[in-house]
>>> print(open('start_36.csv').read())   # CSV, C-alpha atoms (C1' of nucleotides)
chain,number,residue,atom,x,y,z
A,1,MET,CA,34.5,23.6,11.2
A,2,ARG,CA,34.7,20.0,12.3
A,3,LYS,CA,33.2,19.0,9.0
A,4,LEU,CA,35.9,20.6,7.0
A,5,LYS,CA,38.6,19.1,9.2
A,6,LYS,CA,37.2,15.7,8.7
A,7,LEU,CA,36.9,16.0,5.0
A,8,ASN,CA,40.4,17.2,4.8
A,9,ARG,CA,41.7,14.3,6.6
A,10,ILE,CA,40.0,12.0,4.2
A,11,TYR,CA,41.6,13.7,1.3
A,12,TRP,CA,45.0,13.4,3.0
A,13,ILE,CA,44.3,9.7,3.2
A,14,TYR,CA,43.4,9.5,-0.4
A,15,GLY,CA,46.5,11.4,-1.3
A,16,GLY,CA,48.7,9.2,0.9
A,17,VAL,CA,47.4,6.0,-0.7
A,18,MET,CA,47.9,7.5,-4.1
A,19,GLY,CA,51.4,8.3,-3.2
A,20,LEU,CA,52.1,4.9,-2.0
A,21,LEU,CA,50.7,3.5,-5.2
A,22,MET,CA,53.0,5.7,-7.2
A,23,ILE,CA,56.0,4.6,-5.3
A,24,LEU,CA,55.0,1.0,-5.7
A,25,LEU,CA,54.8,1.5,-9.4
A,26,GLU,CA,58.2,3.1,-9.5
A,27,VAL,CA,59.6,0.1,-7.7
A,28,ILE,CA,57.9,-2.3,-10.1
A,29,HIS,CA,59.1,-0.2,-13.0
A,30,TYR,CA,62.8,-0.3,-12.0
A,31,ARG,CA,62.5,-3.9,-11.0
A,32,THR,CA,61.3,-5.1,-14.4
A,33,MET,CA,64.0,-3.3,-16.4
A,34,VAL,CA,63.9,-6.3,-18.7
A,35,ARG,CA,60.9,-4.5,-20.1
A,36,ASP,CA,60.6,-5.4,-23.7
A,37,ILE,CA,59.3,-8.7,-22.6
A,38,GLU,CA,57.5,-7.5,-19.5
A,39,ILE,CA,55.7,-4.5,-20.7
A,40,GLU,CA,52.4,-6.3,-20.9
A,41,VAL,CA,52.8,-7.5,-17.3
A,42,TYR,CA,53.8,-4.0,-16.2
A,43,GLY,CA,50.6,-2.6,-17.8
A,44,ALA,CA,48.5,-5.3,-16.3
A,45,ILE,CA,49.9,-4.6,-12.8
A,46,ILE,CA,49.3,-0.9,-13.2
A,47,GLY,CA,45.8,-1.5,-14.4
A,48,ILE,CA,44.9,-3.9,-11.6
A,49,LEU,CA,46.3,-1.6,-8.9
A,50,PHE,CA,44.6,1.5,-10.2
A,51,LEU,CA,41.4,-0.4,-10.8
A,52,ALA,CA,41.4,-1.5,-7.2
A,53,PHE,CA,42.3,2.0,-6.0
A,54,GLY,CA,39.6,3.5,-8.1
A,55,ILE,CA,36.9,1.1,-6.8
A,56,TRP,CA,38.0,1.7,-3.2
A,57,LEU,CA,38.1,5.5,-3.8
A,58,GLY,CA,34.7,5.5,-5.5
A,59,THR,CA,32.9,3.5,-2.9
A,60,SER,CA,34.6,5.5,-0.1
A,61,LEU,CA,33.5,8.8,-1.6
A,62,ILE,CA,29.9,7.7,-2.0
A,63,LYS,CA,29.7,6.4,1.5
A,64,LYS,CA,31.2,9.7,2.9
A,65,ASN,CA,28.7,11.7,0.9
A,66,SER,CA,25.7,9.7,2.0
A,67,GLN,CA,26.5,10.0,5.6
A,68,GLU,CA,28.3,12.8,7.3
A,69,LYS,CA,25.4,15.1,8.0
A,70,TYR,CA,24.8,13.5,11.4
A,71,ASP,CA,23.6,16.4,13.4
A,72,PRO,CA,23.9,15.3,17.0
A,73,PHE,CA,21.0,16.2,19.2
A,74,LYS,CA,22.0,19.8,19.4
A,75,LEU,CA,18.6,21.1,18.6
A,76,GLY,CA,17.9,21.2,22.2
A,77,LEU,CA,16.8,17.6,22.3
A,78,SER,CA,17.7,15.8,25.5
A,79,LYS,CA,19.0,12.2,25.3
A,80,ARG,CA,15.8,10.9,26.6
A,81,GLU,CA,14.0,12.8,23.9
A,82,VAL,CA,16.3,11.2,21.3
A,83,GLU,CA,15.4,7.8,22.7
A,84,VAL,CA,11.7,8.6,22.3
A,85,LEU,CA,12.3,9.9,18.8
A,86,GLU,CA,14.0,6.7,17.9
A,87,LEU,CA,11.0,4.7,19.1
A,88,LEU,CA,8.6,7.0,17.3
A,89,ALA,CA,10.5,6.4,14.1
A,90,GLN,CA,10.1,2.7,14.6
A,91,GLY,CA,6.4,3.0,14.5
A,92,PHE,CA,5.5,2.6,18.1
A,93,SER,CA,2.4,4.1,19.7
A,94,ASN,CA,2.6,6.4,22.7
A,95,GLN,CA,1.7,3.6,25.0
A,96,GLU,CA,4.3,1.3,23.5
A,97,VAL,CA,6.9,4.0,23.9
A,98,ALA,CA,5.9,4.4,27.5
A,99,ASP,CA,6.2,0.7,28.1
A,100,LYS,CA,9.5,0.3,26.5
A,101,LEU,CA,11.0,3.2,28.5
A,102,PHE,CA,9.2,2.0,31.7
A,103,VAL,CA,7.5,5.4,32.2
A,104,SER,CA,3.9,6.4,32.3
A,105,LEU,CA,1.9,7.2,29.2
A,106,ASN,CA,1.7,10.8,30.4
A,107,THR,CA,5.5,11.0,30.6
A,108,ALA,CA,5.8,9.6,27.1
A,109,LYS,CA,3.4,12.2,25.8
A,110,THR,CA,5.2,15.0,27.5
A,111,HIS,CA,8.5,13.9,25.8
A,112,ILE,CA,6.8,13.6,22.5
A,113,SER,CA,5.2,17.0,22.8
A,114,ASN,CA,8.5,18.6,23.7
A,115,ILE,CA,10.1,16.9,20.7
A,116,TYR,CA,7.4,18.4,18.4
A,117,SER,CA,8.0,21.9,19.6
A,118,LYS,CA,11.8,21.5,19.4
A,119,LEU,CA,11.6,20.1,15.9
A,120,ASN,CA,8.9,22.6,15.1
A,121,VAL,CA,6.4,20.1,13.8
A,122,LYS,CA,2.8,19.3,14.5
A,123,ARG,CA,2.5,15.5,13.9
A,124,ARG,CA,4.6,12.5,14.7
A,125,THR,CA,4.9,11.6,11.0
A,126,GLN,CA,6.6,15.0,10.4
A,127,ALA,CA,8.8,14.5,13.4
A,128,ILE,CA,10.0,11.2,12.0
A,129,GLN,CA,10.5,12.7,8.6
A,130,LYS,CA,12.6,15.5,10.1
A,131,ALA,CA,14.5,13.2,12.3
A,132,ARG,CA,15.5,11.1,9.3
A,133,ASP,CA,16.3,14.1,7.1
A,134,MET,CA,18.5,15.6,9.7
A,135,ALA,CA,19.9,12.2,10.7
A,136,LEU,CA,19.0,12.7,14.3
A,137,ILE,CA,18.3,9.0,14.6
A,138,HIS,CA,19.9,5.8,13.4
A,139,PRO,CA,19.1,5.0,9.8
A,140,SER,CA,16.7,2.1,9.4
A,141,LYS,CA,18.4,0.3,6.6
A,142,GLU,CA,21.5,0.1,4.3
B,1,MET,CA,13.4,-13.7,-12.6
B,2,ARG,CA,13.4,-10.2,-13.8
B,3,LYS,CA,15.9,-9.3,-11.1
B,4,LEU,CA,18.4,-11.8,-12.3
B,5,LYS,CA,18.0,-10.6,-15.9
B,6,LYS,CA,18.7,-7.0,-14.9
B,7,LEU,CA,21.7,-7.8,-12.9
B,8,ASN,CA,23.1,-9.9,-15.7
B,9,ARG,CA,22.7,-7.0,-18.2
B,10,ILE,CA,24.6,-4.8,-15.9
B,11,TYR,CA,27.5,-7.2,-15.7
B,12,TRP,CA,27.4,-7.4,-19.5
B,13,ILE,CA,27.9,-3.7,-19.6
B,14,TYR,CA,30.7,-3.8,-17.2
B,15,GLY,CA,32.3,-6.6,-19.2
B,16,GLY,CA,31.8,-4.6,-22.4
B,17,VAL,CA,33.4,-1.4,-21.0
B,18,MET,CA,36.3,-3.5,-19.6
B,19,GLY,CA,36.8,-5.0,-23.1
B,20,LEU,CA,36.8,-1.6,-24.7
B,21,LEU,CA,39.3,-0.4,-22.2
B,22,MET,CA,41.6,-3.3,-23.1
B,23,ILE,CA,41.4,-2.6,-26.8
B,24,LEU,CA,42.1,1.0,-26.1
B,25,LEU,CA,45.2,0.0,-24.2
B,26,GLU,CA,46.4,-2.3,-27.0
B,27,VAL,CA,46.0,0.5,-29.4
B,28,ILE,CA,48.0,2.8,-27.2
B,29,HIS,CA,50.5,0.1,-26.7
B,30,TYR,CA,51.2,-0.4,-30.3
B,31,ARG,CA,51.1,3.3,-31.1
B,32,THR,CA,53.8,4.1,-28.7
B,33,MET,CA,56.3,1.5,-29.9
B,34,VAL,CA,59.0,4.0,-29.2
B,35,ARG,CA,58.5,2.8,-25.7
B,36,ASP,CA,61.9,3.1,-23.9
B,37,ILE,CA,61.1,6.8,-23.7
B,38,GLU,CA,57.3,6.6,-23.4
B,39,ILE,CA,56.9,3.9,-20.8
B,40,GLU,CA,56.1,6.4,-18.1
B,41,VAL,CA,53.5,7.9,-20.2
B,42,TYR,CA,52.1,4.5,-21.0
B,43,GLY,CA,51.9,3.6,-17.4
B,44,ALA,CA,50.2,6.9,-16.5
B,45,ILE,CA,47.6,6.5,-19.2
B,46,ILE,CA,46.8,3.0,-18.0
B,47,GLY,CA,46.7,4.2,-14.5
B,48,ILE,CA,44.3,7.0,-15.3
B,49,LEU,CA,42.0,4.9,-17.4
B,50,PHE,CA,41.8,2.1,-14.9
B,51,LEU,CA,41.4,4.6,-12.1
B,52,ALA,CA,38.5,6.2,-13.8
B,53,PHE,CA,37.0,2.8,-14.7
B,54,GLY,CA,37.4,1.7,-11.1
B,55,ILE,CA,35.7,4.7,-9.7
B,56,TRP,CA,32.8,4.4,-12.1
B,57,LEU,CA,32.5,0.7,-11.5
B,58,GLY,CA,32.6,1.1,-7.7
B,59,THR,CA,30.0,3.8,-7.6
B,60,SER,CA,27.8,2.0,-10.0
B,61,LEU,CA,27.9,-1.2,-8.0
B,62,ILE,CA,27.1,0.6,-4.8
B,63,LYS,CA,24.1,2.4,-6.3
B,64,LYS,CA,22.8,-0.8,-7.8
B,65,ASN,CA,23.0,-2.5,-4.4
B,66,SER,CA,21.2,0.3,-2.5
B,67,GLN,CA,18.3,0.3,-4.9
B,68,GLU,CA,16.9,-2.6,-6.8
B,69,LYS,CA,14.3,-3.9,-4.4
B,70,TYR,CA,11.6,-1.8,-5.9
B,71,ASP,CA,8.5,-3.9,-5.4
B,72,PRO,CA,5.7,-2.4,-7.5
B,73,PHE,CA,2.4,-2.2,-5.8
B,74,LYS,CA,1.7,-5.9,-6.3
B,75,LEU,CA,0.6,-6.4,-2.7
B,76,GLY,CA,-2.9,-5.8,-3.8
B,77,LEU,CA,-2.5,-2.0,-3.5
B,78,SER,CA,-4.5,-0.1,-6.1
B,79,LYS,CA,-3.0,2.9,-7.8
B,80,ARG,CA,-5.2,5.2,-5.7
B,81,GLU,CA,-4.0,3.6,-2.6
B,82,VAL,CA,-0.4,4.0,-3.7
B,83,GLU,CA,-1.2,7.7,-4.1
B,84,VAL,CA,-2.5,7.9,-0.6
B,85,LEU,CA,0.5,6.0,0.7
B,86,GLU,CA,2.7,8.5,-1.0
B,87,LEU,CA,1.0,11.4,0.8
B,88,LEU,CA,1.0,9.6,4.1
B,89,ALA,CA,4.7,9.2,3.9
B,90,GLN,CA,5.0,12.9,3.3
B,91,GLY,CA,3.5,13.5,6.7
B,92,PHE,CA,0.1,14.7,5.7
B,93,SER,CA,-3.0,14.3,7.9
B,94,ASN,CA,-6.1,12.5,6.7
B,95,GLN,CA,-7.8,15.8,6.0
B,96,GLU,CA,-4.9,17.0,4.0
B,97,VAL,CA,-4.7,13.8,2.0
B,98,ALA,CA,-8.4,14.1,1.3
B,99,ASP,CA,-8.0,17.7,0.1
B,100,LYS,CA,-5.1,16.9,-2.1
B,101,LEU,CA,-7.0,14.1,-3.8
B,102,PHE,CA,-10.2,16.1,-4.0
B,103,VAL,CA,-12.2,13.4,-2.1
B,104,SER,CA,-14.0,13.5,1.2
B,105,LEU,CA,-12.3,12.8,4.5
B,106,ASN,CA,-14.3,9.6,4.8
B,107,THR,CA,-12.9,8.3,1.5
B,108,ALA,CA,-9.4,9.1,2.5
B,109,LYS,CA,-9.9,7.2,5.7
B,110,THR,CA,-11.3,4.3,3.8
B,111,HIS,CA,-8.3,4.2,1.6
B,112,ILE,CA,-6.0,4.4,4.5
B,113,SER,CA,-7.7,1.7,6.4
B,114,ASN,CA,-7.5,-0.6,3.3
B,115,ILE,CA,-3.8,0.2,3.0
B,116,TYR,CA,-3.3,-0.8,6.6
B,117,SER,CA,-4.9,-4.1,6.2
B,118,LYS,CA,-3.1,-4.8,2.9
B,119,LEU,CA,0.2,-3.9,4.4
B,120,ASN,CA,-0.7,-5.7,7.5
B,121,VAL,CA,0.0,-2.9,9.9
B,122,LYS,CA,-2.0,-1.0,12.5
B,123,ARG,CA,-0.7,2.5,12.4
B,124,ARG,CA,0.2,5.0,9.8
B,125,THR,CA,3.8,5.2,11.0
B,126,GLN,CA,4.2,1.5,10.4
B,127,ALA,CA,2.6,1.8,7.0
B,128,ILE,CA,5.1,4.5,6.1
B,129,GLN,CA,7.9,2.4,7.4
B,130,LYS,CA,6.9,-0.6,5.5
B,131,ALA,CA,6.3,1.4,2.4
B,132,ARG,CA,9.9,2.7,2.6
B,133,ASP,CA,11.4,-0.6,3.4
B,134,MET,CA,9.7,-2.3,0.5
B,135,ALA,CA,10.3,0.8,-1.7
B,136,LEU,CA,6.6,1.0,-2.6
B,137,ILE,CA,6.9,4.7,-2.7
B,138,HIS,CA,9.4,7.2,-4.1
B,139,PRO,CA,12.4,7.7,-1.9
B,140,SER,CA,12.5,11.0,0.0
B,141,LYS,CA,16.1,11.9,-0.7
B,142,GLU,CA,19.2,11.2,-2.8
C,1,DT,C1',24.0,26.7,47.7
C,2,DC,C1',21.1,28.2,44.4
C,3,DA,C1',19.4,28.3,39.8
C,4,DT,C1',18.6,25.7,35.8
C,5,DA,C1',17.6,21.8,33.0
C,6,DA,C1',16.0,17.1,32.7
C,7,DA,C1',12.8,13.6,33.7
C,8,DT,C1',8.9,12.2,35.8
C,9,DC,C1',3.7,12.2,36.3
C,10,DA,C1',-1.2,14.0,36.4
C,11,DC,C1',-5.6,15.9,34.5
C,12,DC,C1',-8.4,17.9,31.1
C,13,DC,C1',-10.1,18.6,26.6
C,14,DG,C1',-10.8,18.7,21.7
C,15,DA,C1',-9.2,16.9,17.4
C,16,DA,C1',-7.5,13.3,14.7
C,17,DA,C1',-7.1,8.6,13.7
C,18,DG,C1',-8.8,4.0,13.2
C,19,DA,C1',-12.3,0.0,13.1
C,20,DA,C1',-16.5,-1.8,11.5
C,21,DT,C1',-20.2,-1.7,8.3
C,22,DG,C1',-23.0,-0.6,4.5
C,23,DA,C1',-23.7,1.1,0.0
C,24,DA,C1',-23.5,2.8,-4.7
C,25,DA,C1',-21.6,4.0,-9.3
C,26,DG,C1',-18.2,3.2,-12.8
C,27,DA,C1',-14.3,0.4,-15.1
C,28,DA,C1',-12.6,-3.7,-16.5
C,29,DA,C1',-12.5,-8.4,-17.4
C,30,DT,C1',-14.5,-12.7,-19.1
D,1,DA,C1',-24.3,-9.5,-19.6
D,2,DT,C1',-22.6,-10.3,-15.3
D,3,DT,C1',-19.2,-10.5,-12.1
D,4,DT,C1',-15.3,-8.4,-9.9
D,5,DC,C1',-12.5,-4.5,-8.6
D,6,DT,C1',-12.0,0.2,-7.8
D,7,DT,C1',-13.3,4.3,-6.1
D,8,DT,C1',-16.3,6.9,-3.8
D,9,DC,C1',-19.0,8.3,0.5
D,10,DA,C1',-21.6,7.9,4.9
D,11,DT,C1',-22.4,6.7,9.9
D,12,DT,C1',-21.2,5.2,14.4
D,13,DC,C1',-18.0,4.2,17.9
D,14,DT,C1',-13.6,3.7,20.3
D,15,DT,C1',-9.0,4.8,20.7
D,16,DT,C1',-5.1,7.6,20.1
D,17,DC,C1',-2.9,12.0,19.6
D,18,DG,C1',-1.7,16.4,20.8
D,19,DG,C1',-2.1,21.0,23.4
D,20,DG,C1',-2.1,23.2,27.7
D,21,DT,C1',-1.0,23.6,32.4
D,22,DG,C1',1.1,22.5,36.6
D,23,DA,C1',3.8,19.9,39.9
D,24,DT,C1',7.7,17.0,41.9
D,25,DT,C1',12.2,15.0,41.9
D,26,DT,C1',16.7,14.4,40.7
D,27,DA,C1',21.1,16.2,38.4
D,28,DT,C1',24.2,19.5,36.9
D,29,DG,C1',26.7,23.5,37.0
D,30,DA,C1',27.9,28.1,38.4
>>> encode(input="start_36.csv", output="structure tokens")
Amino acid sequence: MRKLKKLNRIYWIYGGVMGLLMILLEVIHYRTMVRDIEIEVYGAIIGILFLAFGIWLGTSLIKKNSQEKYDPFKLGLSKREVEVLELLAQGFSNQEVADKLFVSLNTAKTHISNIYSKLNVKRRTQAIQKARDMALIHPSKE
Amino acid sequence: MRKLKKLNRIYWIYGGVMGLLMILLEVIHYRTMVRDIEIEVYGAIIGILFLAFGIWLGTSLIKKNSQEKYDPFKLGLSKREVEVLELLAQGFSNQEVADKLFVSLNTAKTHISNIYSKLNVKRRTQAIQKARDMALIHPSKE
DNA sequence: TCATAAATCACCCGAAAGAATGAAAGAAAT
DNA sequence: ATTTCTTTCATTCTTTCGGGTGATTTATGA
């Protein structure tokens, strides 16, 4: 639903930019009616414009593809649990998680256990994996 | 050293393709000397070619940037240890790692401990993190 | 206001993980 | 040949994890 909507808007943008580009070309075309001399320039301009547009379009498309799965914490995870998950993925121990959140070790463990059952995993490494795959947490790099 | 070399080769390739594109345009240009009628077609061809080139170039550049750090296991890691690291990153327990490599649990634990000291970490989650960051192991997705 | 969910903490227990050593056989290098 | 490295395994000990259960205190919403 929302996904489709968003994708569509992106394609509208692409279309719009493309249209603007065409208009720009038309303008250039009718401006340089003294073509016989200017045809090389005309070609160069078109080339540069479309090259730029292509690069922009290509990079945009890749970026869209590599993100956009972002499942918010709608797997029953509470915001506190997402916080904990974030810390887990950063390699902290139970005790460290507890300290960072200013709660007791027992509380941290409770959160972590709940995360496991909600993510349907048995170990923290699996939880981290799943969280990354489903983009439940902030990506580490790039 | 090797990094620079590789990057340079990539730019050579880009340059080469760009050159071919230019030659192609020249050919098209002198082929369609009946321009007054064909100038729109000429523009369209240039546009399409450069658009395609731009997209290709853009996506290639992004991909190159997002990889390319690949540090082989020159941190003192033996090949066996890299194997173990690979399995760790897949979320397996010590026992599972041992089973998959047909060695005893003790052996697996020894490898894992050695990995920790070589990567200078204290926990398996940190080892996995570091292995990913330094691209010591195969990426999980994409 | 009453029920429900979230967040907090405690206690117990067994399993897994990790640290510290030692040791031994085979491969590889010099 | 003789080191050096790798891989293998064992033992002991401590710490950390994870499961299970139960309880209290806010919030939130119906």
>>> atom_distance(input="start_36.csv", atom1="atom CA of A:Gln126", atom2="atom C1' of C:DC13")
23.5 Å
>>> interface_residues(input="start_36.csv", of="chain C", to="chain B", cutoff="12 Å", atoms="only C-alpha atoms (C1' of nucleotides)", output="VMD selection string")
chain C and resid 15 to 21
>>> interface_residues(input="start_36.csv", of="chain B", to="chain D", cutoff="10 Å", atoms="only C-alpha atoms (C1' of nucleotides)", output="list in words")
Ser78, Lys79, Arg80, Glu81, Val103, Ser104, Leu105, Asn106, Thr107, Ala108, Thr110 and His111 of chain B
>>> interface_residues(input="start_36.csv", of="chain A", to="chain B", cutoff="6 Å", atoms="all atoms listed in the file", output="list in words")
Ile46, Gly47, Phe50, Leu51, Gly54, Ile55, Gly58, Thr59, Gly91, Thr125 and Gln126 of chain A
>>> atom_distance(input="start_36.csv", atom1="atom CA of A:Leu24", atom2="atom CA of B:Leu24")
24.1 Å
>>> atom_distance(input="start_36.csv", atom1="atom CA of A:Phe102", atom2="atom CA of B:Leu119")
29.3 Å
>>> residues_around(input="start_36.csv", residues="B:Leu77", least_positions_apart="5", cutoff="10 Å", atoms="only C-alpha atoms (C1' of nucleotides)", output="list in words")
Pro72, Val82, Glu83, Leu85, His111, Asn114, Ile115, Lys118, Leu119 and Leu136 of chain B
>>> build_atoms(input="start_36.csv", residues="stretch 49-59 of chain B", atoms="all heavy atoms", output="short mmCIF file (atom, residue, chain, number, x, y, z; two decimals), keeping the file's coordinate frame")
data_model
loop_
_atom_site.label_atom_id
_atom_site.label_comp_id
_atom_site.auth_asym_id
_atom_site.auth_seq_id
_atom_site.Cartn_x
_atom_site.Cartn_y
_atom_site.Cartn_z
N LEU B 49 43.21 5.59 -16.87
CA LEU B 49 42.00 4.90 -17.40
C LEU B 49 41.44 3.93 -16.41
O LEU B 49 40.24 3.93 -16.16
CB LEU B 49 42.44 4.15 -18.69
CG LEU B 49 42.65 5.02 -19.92
CD1 LEU B 49 43.05 4.16 -21.12
CD2 LEU B 49 41.39 5.80 -20.24
N PHE B 50 42.30 3.13 -15.82
CA PHE B 50 41.80 2.10 -14.90
C PHE B 50 41.26 2.78 -13.62
O PHE B 50 40.33 2.29 -13.00
CB PHE B 50 42.84 1.08 -14.58
CG PHE B 50 42.82 -0.05 -15.56
CD1 PHE B 50 43.52 0.04 -16.76
CD2 PHE B 50 42.08 -1.19 -15.29
CE1 PHE B 50 43.48 -0.99 -17.67
CE2 PHE B 50 42.04 -2.23 -16.21
CZ PHE B 50 42.74 -2.13 -17.41
N LEU B 51 41.88 3.88 -13.24
CA LEU B 51 41.40 4.60 -12.10
C LEU B 51 39.96 5.08 -12.32
O LEU B 51 39.05 4.86 -11.51
CB LEU B 51 42.30 5.78 -11.75
CG LEU B 51 41.93 6.60 -10.53
CD1 LEU B 51 42.01 5.75 -9.27
CD2 LEU B 51 42.85 7.81 -10.39
N ALA B 52 39.78 5.69 -13.48
CA ALA B 52 38.50 6.20 -13.80
C ALA B 52 37.45 5.04 -13.90
O ALA B 52 36.35 5.11 -13.34
CB ALA B 52 38.50 6.92 -15.17
N PHE B 53 37.87 3.97 -14.55
CA PHE B 53 37.00 2.80 -14.70
C PHE B 53 36.63 2.26 -13.30
O PHE B 53 35.48 1.93 -13.02
CB PHE B 53 37.66 1.74 -15.53
CG PHE B 53 36.83 0.51 -15.69
CD1 PHE B 53 35.60 0.56 -16.32
CD2 PHE B 53 37.28 -0.71 -15.21
CE1 PHE B 53 34.83 -0.58 -16.47
CE2 PHE B 53 36.51 -1.85 -15.36
CZ PHE B 53 35.28 -1.78 -16.00
N GLY B 54 37.64 2.21 -12.45
CA GLY B 54 37.40 1.70 -11.10
C GLY B 54 36.43 2.54 -10.33
O GLY B 54 35.52 2.02 -9.69
N ILE B 55 36.60 3.83 -10.41
CA ILE B 55 35.70 4.70 -9.70
C ILE B 55 34.26 4.54 -10.22
O ILE B 55 33.31 4.37 -9.46
CB ILE B 55 36.12 6.20 -9.88
CG1 ILE B 55 37.42 6.45 -9.12
CG2 ILE B 55 35.03 7.14 -9.38
CD1 ILE B 55 37.98 7.83 -9.32
N TRP B 56 34.15 4.54 -11.53
CA TRP B 56 32.80 4.40 -12.10
C TRP B 56 32.19 3.06 -11.71
O TRP B 56 31.04 3.01 -11.30
CB TRP B 56 32.96 4.45 -13.66
CG TRP B 56 31.68 4.14 -14.37
CD1 TRP B 56 30.58 4.93 -14.46
CD2 TRP B 56 31.37 2.94 -15.06
NE1 TRP B 56 29.61 4.29 -15.16
CE2 TRP B 56 30.06 3.06 -15.55
CE3 TRP B 56 32.08 1.76 -15.33
CZ2 TRP B 56 29.43 2.07 -16.28
CZ3 TRP B 56 31.45 0.76 -16.06
CH2 TRP B 56 30.14 0.92 -16.53
N LEU B 57 33.01 2.01 -11.79
CA LEU B 57 32.50 0.70 -11.50
C LEU B 57 32.08 0.62 -9.99
O LEU B 57 31.00 0.12 -9.66
CB LEU B 57 33.59 -0.35 -11.73
CG LEU B 57 33.16 -1.79 -11.95
CD1 LEU B 57 34.21 -2.51 -12.79
CD2 LEU B 57 33.02 -2.53 -10.62
N GLY B 58 32.94 1.17 -9.14
CA GLY B 58 32.60 1.10 -7.70
C GLY B 58 31.35 1.85 -7.37
O GLY B 58 30.48 1.32 -6.71
N THR B 59 31.21 3.06 -7.87
CA THR B 59 30.00 3.80 -7.60
C THR B 59 28.78 3.18 -8.16
O THR B 59 27.73 3.13 -7.53
CB THR B 59 30.13 5.27 -8.09
OG1 THR B 59 30.39 5.22 -9.49
CG2 THR B 59 31.26 6.01 -7.41
#
